[in-house]
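What follows is the content of target09.txt, which has compact mmCIF, C-alpha atoms (C1' of nucleotides):
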```
# COMPACT_ATOMS: atom_id res chain seq x y z
CA MET A 1 -134.45 169.79 127.60
CA THR A 2 -131.62 168.06 125.81
CA THR A 3 -128.26 168.29 127.42
CA GLN A 4 -125.24 169.67 125.60
CA ARG A 5 -123.75 166.21 125.42
CA ALA A 6 -126.86 164.57 124.02
CA GLU A 7 -127.15 167.29 121.40
CA GLN A 8 -123.50 166.99 120.44
CA ARG A 9 -123.85 163.25 120.08
CA ARG A 10 -126.96 163.62 117.95
CA LEU A 11 -125.13 165.97 115.62
CA THR A 12 -122.10 163.72 115.31
CA GLU A 13 -124.22 160.66 114.63
CA HIS A 14 -126.03 162.62 111.97
CA ARG A 15 -122.79 163.69 110.33
CA ILE A 16 -121.61 160.09 110.30
CA LEU A 17 -124.86 158.82 108.78
CA THR A 18 -124.81 161.48 106.09
CA ALA A 19 -121.19 160.77 105.26
CA ALA A 20 -121.85 157.01 105.16
CA ARG A 21 -124.84 157.42 102.85
CA LYS A 22 -122.79 159.59 100.52
CA LEU A 23 -119.77 157.30 100.37
CA PHE A 24 -121.69 154.01 100.24
CA SER A 25 -123.83 155.30 97.40
CA ALA A 26 -120.84 156.72 95.54
CA ASN A 27 -118.34 153.88 95.98
CA GLY A 28 -120.23 150.82 97.20
CA TYR A 29 -119.76 148.76 100.33
CA ASP A 30 -116.32 147.27 99.76
CA ARG A 31 -114.67 150.49 98.61
CA THR A 32 -116.07 152.55 101.45
CA THR A 33 -113.85 152.42 104.52
CA ILE A 34 -114.72 153.29 108.08
CA ARG A 35 -111.75 155.64 108.03
CA ALA A 36 -113.07 157.47 104.96
CA VAL A 37 -116.50 157.83 106.56
CA ALA A 38 -114.90 159.23 109.72
CA THR A 39 -112.83 161.71 107.72
CA GLU A 40 -115.84 162.81 105.67
CA ALA A 41 -117.83 163.25 108.91
CA GLU A 42 -114.89 165.07 110.50
CA THR A 43 -114.64 162.64 113.36
CA ASP A 44 -112.71 159.52 114.41
CA PRO A 45 -112.92 155.91 113.12
CA GLY A 46 -113.15 154.60 116.66
CA LEU A 47 -116.18 156.75 117.27
CA VAL A 48 -117.93 155.41 114.19
CA MET A 49 -117.35 151.89 115.48
CA ARG A 50 -118.56 152.76 118.97
CA TYR A 51 -121.76 154.35 117.73
CA PHE A 52 -122.65 151.79 115.09
CA GLY A 53 -120.91 148.62 116.19
CA SER A 54 -119.63 147.45 112.84
CA LYS A 55 -119.35 148.43 109.20
CA GLU A 56 -122.16 146.01 108.34
CA ASN A 57 -124.37 147.61 110.90
CA LEU A 58 -123.64 151.12 109.67
CA PHE A 59 -124.45 150.03 106.14
CA SER A 60 -127.76 148.50 107.15
CA ARG A 61 -128.65 151.71 108.98
CA VAL A 62 -128.02 153.78 105.90
CA ALA A 63 -128.96 151.63 102.89
CA ARG A 64 -132.65 151.08 102.44
CA ILE A 65 -135.30 151.01 99.73
CA ASP A 66 -138.59 152.18 101.09
CA ALA A 67 -141.50 150.00 100.03
CA ASP A 68 -143.98 151.64 97.69
CA GLU A 69 -147.66 151.80 98.35
CA PRO A 70 -149.63 148.62 97.67
CA ILE A 71 -150.42 148.05 94.01
CA ALA A 72 -153.81 146.92 92.73
CA GLY A 73 -156.44 147.59 90.06
CA THR A 74 -156.85 146.85 86.40
CA PRO A 75 -153.72 146.06 84.38
CA ASP A 76 -153.59 149.61 83.02
CA GLU A 77 -153.96 151.05 86.52
CA VAL A 78 -151.19 148.76 87.73
CA ALA A 79 -148.96 149.87 84.87
CA ASP A 80 -149.58 153.50 85.79
CA ALA A 81 -148.93 152.80 89.46
CA VAL A 82 -145.56 151.30 88.66
CA LEU A 83 -144.87 154.26 86.43
CA VAL A 84 -145.66 156.65 89.28
CA SER A 85 -143.38 154.80 91.67
CA LEU A 86 -140.67 155.10 89.03
CA THR A 87 -141.09 158.80 88.36
CA ASP A 88 -141.08 159.33 92.12
CA LYS A 89 -137.64 157.77 92.32
CA LEU A 90 -136.53 159.87 89.36
CA GLY A 91 -137.64 163.05 91.08
CA ASP A 92 -134.61 163.66 93.22
CA GLU A 93 -131.63 161.45 93.93
CA PRO A 94 -132.71 158.75 96.42
CA VAL A 95 -129.39 158.49 98.25
CA ALA A 96 -130.42 155.76 100.68
CA ALA A 97 -131.67 153.58 97.86
CA LEU A 98 -128.55 154.27 95.80
CA ALA A 99 -126.39 153.09 98.69
CA MET A 100 -128.26 149.80 98.44
CA LEU A 101 -128.31 149.64 94.64
CA ARG A 102 -124.63 150.47 94.22
CA SER A 103 -123.67 147.39 96.22
CA MET A 104 -126.40 145.03 95.06
CA LEU A 105 -124.15 143.11 92.67
CA THR A 106 -121.27 142.52 95.07
CA HIS A 107 -122.53 142.65 98.64
CA PRO A 108 -124.75 139.78 99.86
CA ASP A 109 -126.90 141.91 102.18
CA ALA A 110 -127.51 144.53 99.53
CA SER A 111 -128.28 141.80 97.03
CA ARG A 112 -130.86 140.37 99.41
CA GLY A 113 -132.29 143.81 100.05
CA VAL A 114 -132.84 144.58 96.40
CA HIS A 115 -134.10 141.08 95.68
CA ASN A 116 -136.62 141.29 98.49
CA PHE A 117 -137.89 144.67 97.35
CA MET A 118 -138.24 143.54 93.77
CA THR A 119 -139.87 140.25 94.64
CA GLU A 120 -142.36 141.95 96.93
CA GLN A 121 -143.43 144.42 94.27
CA GLN A 122 -143.39 141.73 91.64
CA GLN A 123 -145.76 139.51 93.56
CA GLN A 124 -148.21 142.35 94.15
CA ILE A 125 -148.18 143.17 90.47
CA ALA A 126 -148.42 139.57 89.34
CA ALA A 127 -151.44 139.01 91.57
CA THR A 128 -153.37 141.63 89.60
CA LEU A 129 -152.50 140.31 86.13
CA PRO A 130 -154.89 137.56 85.01
CA ARG A 131 -152.31 135.76 82.91
CA PRO A 132 -150.40 132.49 83.13
CA ASP A 133 -147.16 134.41 82.57
CA ALA A 134 -148.04 137.05 85.18
CA THR A 135 -144.88 136.42 87.22
CA LEU A 136 -142.61 136.88 84.22
CA ARG A 137 -144.48 140.01 83.13
CA ALA A 138 -144.26 141.51 86.61
CA GLY A 139 -140.60 140.56 86.81
CA LEU A 140 -139.92 142.34 83.55
CA MET A 141 -141.74 145.44 84.76
CA MET A 142 -139.51 145.54 87.81
CA SER A 143 -136.45 144.88 85.67
CA VAL A 144 -137.31 147.82 83.43
CA LEU A 145 -137.74 149.96 86.51
CA LEU A 146 -134.40 148.78 87.85
CA GLY A 147 -132.65 149.34 84.55
CA THR A 148 -133.98 152.87 84.32
CA VAL A 149 -132.88 153.86 87.82
CA VAL A 150 -129.48 152.20 87.43
CA GLY A 151 -129.05 153.77 83.99
CA ARG A 152 -129.88 157.22 85.26
CA TYR A 153 -128.01 157.40 88.56
CA LEU A 154 -125.28 154.76 88.47
CA ILE A 155 -124.30 154.25 84.83
CA LYS A 156 -125.27 157.81 83.94
CA VAL A 157 -126.57 156.97 80.49
CA GLU A 158 -126.35 160.02 78.27
CA GLY A 159 -129.66 161.82 77.92
CA LEU A 160 -131.21 159.73 80.67
CA ASP A 161 -129.12 161.19 83.48
CA ASP A 162 -130.52 164.68 83.04
CA ALA A 163 -133.96 164.11 81.51
CA ILE A 164 -136.99 165.28 83.46
CA PRO A 165 -139.00 162.48 85.10
CA GLU A 166 -142.17 163.29 83.16
CA GLU A 167 -140.50 162.78 79.81
CA ILE A 168 -139.04 159.46 80.90
CA GLY A 169 -142.41 158.44 82.27
CA ASP A 170 -144.19 159.30 79.04
CA LEU A 171 -141.76 157.25 76.98
CA LEU A 172 -141.96 154.28 79.32
CA ARG A 173 -145.74 154.25 79.71
CA PRO A 174 -146.33 152.09 76.62
CA CYS A 175 -143.76 149.65 77.95
CA PHE A 176 -145.49 149.13 81.25
CA ARG A 177 -148.89 149.07 79.56
CA ALA A 178 -147.73 146.38 77.16
CA LEU A 179 -146.12 144.33 79.92
CA ALA A 180 -149.23 144.64 82.06
CA GLY A 181 -151.05 143.31 79.04
CA GLY A 182 -154.18 145.43 79.17
CA ASP A 183 -154.44 145.01 75.40
CA ALA A 184 -152.42 142.93 73.00
CA GLY A 185 -149.02 144.42 72.13
CA SER A 186 -149.13 146.15 68.76
CA ALA A 187 -147.91 143.89 65.94
CA ALA A 188 -147.41 140.94 68.26
CA ALA A 189 -148.03 138.34 65.61
CA GLU A 190 -145.57 137.74 62.81
CA MET B 1 -95.19 120.64 66.83
CA THR B 2 -95.85 122.16 70.21
CA THR B 3 -93.49 121.19 72.96
CA GLN B 4 -94.68 119.62 76.19
CA ARG B 5 -93.82 122.80 78.06
CA ALA B 6 -95.69 125.09 75.69
CA GLU B 7 -98.72 122.83 75.85
CA GLN B 8 -98.61 122.66 79.63
CA ARG B 9 -98.40 126.42 79.83
CA ARG B 10 -101.31 126.82 77.45
CA LEU B 11 -103.41 124.51 79.58
CA THR B 12 -102.53 126.26 82.81
CA GLU B 13 -103.23 129.69 81.37
CA HIS B 14 -106.56 128.40 80.16
CA ARG B 15 -107.46 127.02 83.59
CA ILE B 16 -106.56 130.35 85.16
CA LEU B 17 -108.65 132.32 82.66
CA THR B 18 -111.64 130.03 83.15
CA ALA B 19 -111.35 130.23 86.92
CA ALA B 20 -111.01 134.01 86.78
CA ARG B 21 -114.05 134.40 84.55
CA LYS B 22 -116.07 132.22 86.88
CA LEU B 23 -115.04 133.97 90.09
CA PHE B 24 -115.14 137.52 88.72
CA SER B 25 -118.62 136.95 87.33
CA ALA B 26 -119.83 135.31 90.53
CA ASN B 27 -118.29 137.62 93.12
CA GLY B 28 -117.13 140.77 91.36
CA TYR B 29 -113.70 142.33 91.17
CA ASP B 30 -113.09 143.30 94.78
CA ARG B 31 -114.26 140.02 96.28
CA THR B 32 -112.27 137.89 93.89
CA THR B 33 -108.75 137.27 95.16
CA ILE B 34 -105.73 136.12 93.20
CA ARG B 35 -105.40 133.31 95.72
CA ALA B 36 -108.94 132.14 95.12
CA VAL B 37 -108.39 132.16 91.36
CA ALA B 38 -105.22 130.15 91.80
CA THR B 39 -106.97 127.62 94.02
CA GLU B 40 -109.87 127.29 91.61
CA ALA B 41 -107.41 126.80 88.75
CA GLU B 42 -105.40 124.33 90.86
CA THR B 43 -102.23 126.35 90.60
CA ASP B 44 -100.22 128.94 92.49
CA PRO B 45 -100.92 132.66 93.11
CA GLY B 46 -97.39 133.53 92.05
CA LEU B 47 -97.95 131.86 88.72
CA VAL B 48 -101.12 133.84 88.11
CA MET B 49 -99.16 137.02 88.71
CA ARG B 50 -96.32 135.95 86.46
CA TYR B 51 -98.61 135.08 83.59
CA PHE B 52 -100.94 138.05 83.81
CA GLY B 53 -98.92 140.73 85.56
CA SER B 54 -101.58 142.07 87.88
CA LYS B 55 -105.11 141.52 89.07
CA GLU B 56 -106.27 144.46 86.95
CA ASN B 57 -104.68 142.92 83.91
CA LEU B 58 -106.24 139.53 84.52
CA PHE B 59 -109.63 141.18 84.89
CA SER B 60 -109.30 143.08 81.64
CA ARG B 61 -108.30 139.89 79.85
CA VAL B 62 -111.40 138.12 81.11
CA ALA B 63 -114.16 140.72 81.34
CA ARG B 64 -115.48 141.91 78.02
CA ILE B 65 -118.74 142.72 76.28
CA ASP B 66 -118.50 141.92 72.63
CA ALA B 67 -119.92 144.65 70.42
CA ASP B 68 -123.07 143.69 68.55
CA GLU B 69 -123.42 144.05 64.82
CA PRO B 70 -124.10 147.55 63.53
CA ILE B 71 -127.69 148.67 63.88
CA ALA B 72 -129.62 150.48 61.16
CA GLY B 73 -132.95 150.58 59.36
CA THR B 74 -136.43 151.80 60.09
CA PRO B 75 -137.43 152.32 63.73
CA ASP B 76 -139.23 148.98 63.82
CA GLU B 77 -136.24 147.21 62.32
CA VAL B 78 -133.98 148.86 64.86
CA ALA B 79 -136.29 147.76 67.66
CA ASP B 80 -136.16 144.20 66.39
CA ALA B 81 -132.39 144.33 66.02
CA VAL B 82 -132.00 145.36 69.65
CA LEU B 83 -134.42 142.62 70.58
CA VAL B 84 -132.31 140.06 68.75
CA SER B 85 -129.13 141.23 70.44
CA LEU B 86 -130.99 140.83 73.73
CA THR B 87 -132.32 137.34 73.08
CA ASP B 88 -128.83 136.36 71.96
CA LYS B 89 -127.48 137.33 75.36
CA LEU B 90 -130.33 135.46 77.00
CA GLY B 91 -129.51 132.30 75.07
CA ASP B 92 -126.74 130.98 77.24
CA GLU B 93 -124.95 132.59 80.15
CA PRO B 94 -122.45 135.13 78.75
CA VAL B 95 -119.78 134.61 81.41
CA ALA B 96 -117.30 137.16 80.07
CA ALA B 97 -119.98 139.84 79.97
CA LEU B 98 -121.21 138.91 83.42
CA ALA B 99 -117.71 139.37 84.81
CA MET B 100 -117.92 142.93 83.50
CA LEU B 101 -121.51 143.55 84.56
CA ARG B 102 -121.05 142.17 88.07
CA SER B 103 -118.42 144.81 88.80
CA MET B 104 -119.85 147.69 86.80
CA LEU B 105 -121.21 149.51 89.87
CA THR B 106 -118.09 149.33 91.98
CA HIS B 107 -115.06 148.99 89.75
CA PRO B 108 -114.03 152.01 87.64
CA ASP B 109 -112.72 149.99 84.67
CA ALA B 110 -115.83 147.82 84.54
CA SER B 111 -117.97 150.93 84.83
CA ARG B 112 -116.17 152.45 81.89
CA GLY B 113 -116.48 149.25 79.92
CA VAL B 114 -120.23 149.02 80.35
CA HIS B 115 -120.66 152.72 79.77
CA ASN B 116 -118.70 152.57 76.55
CA PHE B 117 -120.66 149.60 75.25
CA MET B 118 -123.97 151.20 76.07
CA THR B 119 -123.05 154.59 74.66
CA GLU B 120 -121.81 153.04 71.45
CA GLN B 121 -125.01 151.10 70.87
CA GLN B 122 -127.07 154.04 71.99
CA GLN B 123 -125.51 156.36 69.45
CA GLN B 124 -126.06 153.89 66.62
CA ILE B 125 -129.68 153.53 67.61
CA ALA B 126 -130.25 157.23 68.13
CA ALA B 127 -128.85 157.99 64.69
CA THR B 128 -131.65 155.96 63.11
CA LEU B 129 -134.50 157.54 65.07
CA PRO B 130 -135.77 160.73 63.45
CA ARG B 131 -136.81 162.34 66.74
CA PRO B 132 -135.55 165.22 68.86
CA ASP B 133 -135.53 162.89 71.87
CA ALA B 134 -133.70 160.13 69.99
CA THR B 135 -130.82 160.01 72.47
CA LEU B 136 -133.15 159.55 75.44
CA ARG B 137 -135.18 156.91 73.62
CA ALA B 138 -132.06 155.00 72.63
CA GLY B 139 -130.74 155.33 76.18
CA LEU B 140 -133.95 153.86 77.54
CA MET B 141 -133.77 150.98 75.10
CA MET B 142 -130.29 150.15 76.33
CA SER B 143 -131.42 150.57 79.94
CA VAL B 144 -134.26 148.10 79.40
CA LEU B 145 -131.78 145.69 77.86
CA LEU B 146 -129.43 146.15 80.79
CA GLY B 147 -132.20 145.73 83.34
CA THR B 148 -133.32 142.52 81.72
CA VAL B 149 -129.87 140.94 81.64
CA VAL B 150 -129.08 142.08 85.18
CA GLY B 151 -132.47 140.89 86.39
CA ARG B 152 -132.04 137.48 84.81
CA TYR B 153 -128.45 136.61 85.64
CA LEU B 154 -127.38 138.77 88.56
CA ILE B 155 -130.49 139.55 90.59
CA LYS B 156 -132.16 136.34 89.50
CA VAL B 157 -135.67 137.76 89.35
CA GLU B 158 -138.20 135.01 89.82
CA GLY B 159 -139.69 133.82 86.55
CA LEU B 160 -137.15 135.78 84.55
CA ASP B 161 -134.17 133.68 85.56
CA ASP B 162 -135.51 130.54 83.93
CA ALA B 163 -137.77 131.83 81.17
CA ILE B 164 -136.93 130.93 77.59
CA PRO B 165 -135.46 133.80 75.56
CA GLU B 166 -138.25 133.74 73.00
CA GLU B 167 -140.91 134.37 75.61
CA ILE B 168 -138.96 137.28 77.07
CA GLY B 169 -138.40 138.63 73.60
CA ASP B 170 -142.07 138.45 72.74
CA LEU B 171 -143.05 140.33 75.88
CA LEU B 172 -140.41 142.98 75.38
CA ARG B 173 -141.04 143.57 71.66
CA PRO B 174 -143.79 146.16 72.24
CA CYS B 175 -141.45 147.98 74.61
CA PHE B 176 -138.68 148.37 72.08
CA ARG B 177 -141.19 149.15 69.33
CA ALA B 178 -142.73 151.90 71.45
CA LEU B 179 -139.34 153.33 72.44
CA ALA B 180 -138.18 153.25 68.83
CA GLY B 181 -141.30 155.26 68.13
CA GLY B 182 -142.41 153.61 64.90
CA ASP B 183 -145.97 154.54 65.82
CA ALA B 184 -147.36 156.62 68.67
CA GLY B 185 -147.57 154.81 72.00
CA SER B 186 -151.12 153.69 72.75
CA ALA B 187 -153.02 156.12 74.96
CA ALA B 188 -150.10 158.55 75.10
CA ALA B 189 -152.17 161.70 75.45
CA GLU B 190 -154.42 162.45 78.41
C1' DA C 1 -74.10 114.46 77.81
C1' DC C 2 -74.43 119.09 79.24
C1' DG C 3 -75.97 123.64 80.03
C1' DT C 4 -80.06 126.53 79.61
C1' DC C 5 -84.72 127.74 80.08
C1' DG C 6 -88.98 128.10 82.03
C1' DA C 7 -93.16 126.03 84.56
C1' DG C 8 -94.25 125.58 89.07
C1' DT C 9 -93.54 126.31 94.32
C1' DC C 10 -92.82 128.78 98.43
C1' DA C 11 -92.00 132.20 102.01
C1' DA C 12 -92.20 136.77 102.82
C1' DC C 13 -93.00 141.84 102.25
C1' DA C 14 -95.64 146.15 102.68
C1' DC C 15 -99.97 147.87 103.04
C1' DG C 16 -104.74 148.94 104.34
C1' DC C 17 -108.46 147.16 106.53
C1' DG C 18 -112.04 146.45 110.55
C1' DA C 19 -111.91 146.31 115.12
C1' DT C 20 -110.32 146.90 120.19
C1' DG C 21 -109.28 149.08 124.43
C1' DA C 22 -106.94 152.35 127.20
C1' DC C 23 -106.87 157.11 127.84
C1' DT C 24 -108.37 162.44 128.29
C1' DG C 25 -111.18 166.06 129.67
C1' DA C 26 -115.31 168.41 130.07
C1' DA C 27 -120.18 168.08 131.13
C1' DA C 28 -123.56 166.07 134.22
C1' DA C 29 -125.04 164.13 138.55
C1' DA C 30 -124.31 163.62 143.53
C1' DT D 1 -117.22 170.53 145.55
C1' DT D 2 -116.65 165.89 144.50
C1' DT D 3 -117.73 162.03 141.81
C1' DT D 4 -119.43 159.90 137.81
C1' DT D 5 -120.46 159.63 133.06
C1' DC D 6 -119.46 159.82 128.36
C1' DA D 7 -118.02 162.17 123.71
C1' DG D 8 -113.92 162.12 121.53
C1' DT D 9 -108.85 160.62 120.64
C1' DC D 10 -105.20 157.59 119.83
C1' DA D 11 -102.08 153.68 119.35
C1' DT D 12 -102.27 149.15 118.16
C1' DC D 13 -103.72 144.43 117.02
C1' DG D 14 -104.70 140.60 113.75
C1' DC D 15 -105.72 139.54 109.29
C1' DG D 16 -106.05 139.23 104.33
C1' DT D 17 -104.52 141.35 100.36
C1' DG D 18 -101.60 142.09 95.87
C1' DT D 19 -97.18 141.54 94.75
C1' DT D 20 -92.16 140.10 94.79
C1' DG D 21 -88.14 137.28 94.41
C1' DA D 22 -85.55 133.29 95.36
C1' DC D 23 -85.71 128.54 94.70
C1' DT D 24 -86.51 123.59 92.49
C1' DC D 25 -86.39 120.49 88.83
C1' DG D 26 -87.72 118.37 84.68
C1' DA D 27 -87.96 119.39 79.73
C1' DC D 28 -85.54 121.55 75.96
C1' DG D 29 -81.76 123.03 72.54
C1' DT D 30 -77.04 122.06 71.29
```

Since I need it in another form, could you write the structure as structure tokens?
Amino acid sequence: MTTQRAEQRRLTEHRILTAARKLFSANGYDRTTIRAVATEAETDPGLVMRYFGSKENLFSRVARIDADEPIAGTPDEVADAVLVSLTDKLGDEPVAALAMLRSMLTHPDASRGVHNFMTEQQQQIAATLPRPDATLRAGLMMSVLLGTVVGRYLIKVEGLDDAIPEEIGDLLRPCFRALAGGDAGSAAAE
Amino acid sequence: MTTQRAEQRRLTEHRILTAARKLFSANGYDRTTIRAVATEAETDPGLVMRYFGSKENLFSRVARIDADEPIAGTPDEVADAVLVSLTDKLGDEPVAALAMLRSMLTHPDASRGVHNFMTEQQQQIAATLPRPDATLRAGLMMSVLLGTVVGRYLIKVEGLDDAIPEEIGDLLRPCFRALAGGDAGSAAAE
DNA sequence: ACGTCGAGTCAACACGCGATGACTGAAAAA
DNA sequence: TTTTTCAGTCATCGCGTGTTGACTCGACGT
């Protein structure tokens, strides 16, 4: 059985992690203070430090973008796979990812984290596109994905912040299809 | 004629503004210090304060996204207009806009600035799209634009960071066309 | 020539931050 | 019961920040 103390500690750690996720994703790394996290978690700054060592460490425990499933298939299948991974993220607020995304432009670790995630996905996608500009196309697909998530959750673009994922997915499908290049973009020549 | 003193002041102010633009766009608001700006401008922190009043004020003098020309026309024309405003921004590094964009996720003023710009453009676009989901479509167009600029200059997505604007524009044209909804997206129904 | 103005310099203030370490008291082990 | 362990508390340190005000001194107006 778990002792009273172990259980108490588990609960407190959990409160701290939840508070950290919330504040990091709402305010970013620099504007989130250990003291604010402690207050939100109804505990003490010293305890946060003891349990997690440093602010950096706490952030890395809380901010993460889970890798999607491997991507492969025909260009159209790839486009749809990216679309699915997008609508997944649009389903319900991915707090851990938002903690990362909120700080990606100002905090070096978060920047690396996002860059790594995007590059990983991008390379998988590019490998399936039989084109000389595959890397650029894959990079644009990831950029569209990024822009959509940032627009919805962080910038709160009107109409995008409260749209249902399916509708967004339907509107974006032609984009990903065109970027994947299954068929020539309509009216490409001029 | 301009006096020596007036000229000297003009030069120093200019060095400060250039330094501030550079540092704000590279490191964001919070991680840019008045001292660092002064050092970069080869002057004194006190002088920066005297000339610009406060860090906030200096930021607002330096970070701006110039409004694009009004958008109107048929859906396809609107799509192309957005595309042009994008390729313009991809032409050469828009330092003043990057100062704004770099801080948009963590600094309230920058957030407002980007939000205002996007909403403004979005409303112009939406007004030209004869669709019930015009706002969402326009919002997605702006989100794609945002994602592309952020991906190129701030995240530095591989292949996107050094691509020529025309190539990016060509790849993105079908996206904006589809979002503008001039014709039905290919394979929309299933 | 003389007094004024203003560009530039410097030291210091008040504040909030991450981090440290000593302390308390109750639960756990002996 | 006695001893040890550890969750939780608290005061405090060192540092970097934005900001202030006093000071210098060469250019300017008269």

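The shell of residues at most 7 Å from range 67-82 of chain A, with all atoms listed in the file counted and near chain neighbours (fewer than 5 positions) removed, consists of Phe117, Gln124, Ile125, Thr128, Leu129, Phe176, Arg177, Ala180, Gly181 and Gly182 of chain A.
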
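Those residues that approach DG8 in chain D to within 12 Å, counting only C-alpha atoms (C1' of nucleotides), are Arg5, Gln8, Arg9, Thr12, Glu42, Thr43, Asp44, Pro45, Gly46, Leu47, Val48, Arg50 and Tyr51 of chain A; DC23, DT24, DG25 and DA26 of chain C; DC6 and DC10 of chain D; same-chain residues fewer than 2 positions away are not listed.
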
> Counting only C-alpha atoms (C1' of nucleotides), which residues of chain C come no farther than 12 Å from chain B, as a PyMOL selection string?
Replying inline: chain C and resi 5-11

>> Just checking: using all atoms listed in the file, which residue out of B:Leu11, B:Cys175, B:Ala99, B:Ala126 ends up closest to Val144 in chain A?
In response: B:Cys175

>> Should the cut-off be 7 Å, what would the residue list for chain B against chain A look like, counting all atoms listed in the file, as a count of residues only?
In response: 29

> Given a cut-off of 10 Å, which residues of chain D touch chain B, counting only C-alpha atoms (C1' of nucleotides), written out as a ChimeraX atom specification?
Replying inline: /D:16-20,27-28

> When you draw a straight line from CA of Leu83 in chain B to CA of Tyr153 in chain A, how long is it in Å?
Replying inline: 24.1 Å

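Computed from the coordinates, the CA of Gly113 in chain A to C1' of DG18 in chain C distance equals 23.0 Å.
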
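For the pair CA of Asp92 in chain A and CA of Leu58 in chain A, the separation is 23.4 Å.
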
Extending 5 Å beyond the listed atoms of range 6-12 of chain C on each side, what axis-aligned box results? I want centre and edge lengths in Å to one decimal, as lines of an AutoDock Vina configuration file.
```
center_x = -91.6
center_y = 131.2
center_z = 92.4
size_x = 15.3
size_y = 21.2
size_z = 30.8
```

> Closest to DG21 in chain C among D:DT2, D:DT12, D:DT24, D:DT30, using all atoms listed in the file?
Replying inline: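 For DG21 in chain C, the nearest of the candidates is D:DT12.
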
>> as a list in words, please: the residues near Ala96 in chain A (cut-off 12 Å, only C-alpha atoms (C1' of nucleotides), same-chain neighbours under 4 positions excluded).
In response: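 Counting only C-alpha atoms (C1' of nucleotides), the residues come to Leu17, Thr18, Ala19, Ala20, Arg21, Lys22, Leu23, Phe24, Ser25, Ala26, Gly28, Phe59, Ser60, Arg61, Val62, Ala63, Arg64, Ile65, Asp66, Lys89, Asp92, Met100, Leu101, Arg102, Ser103 and Ala110 of chain A.
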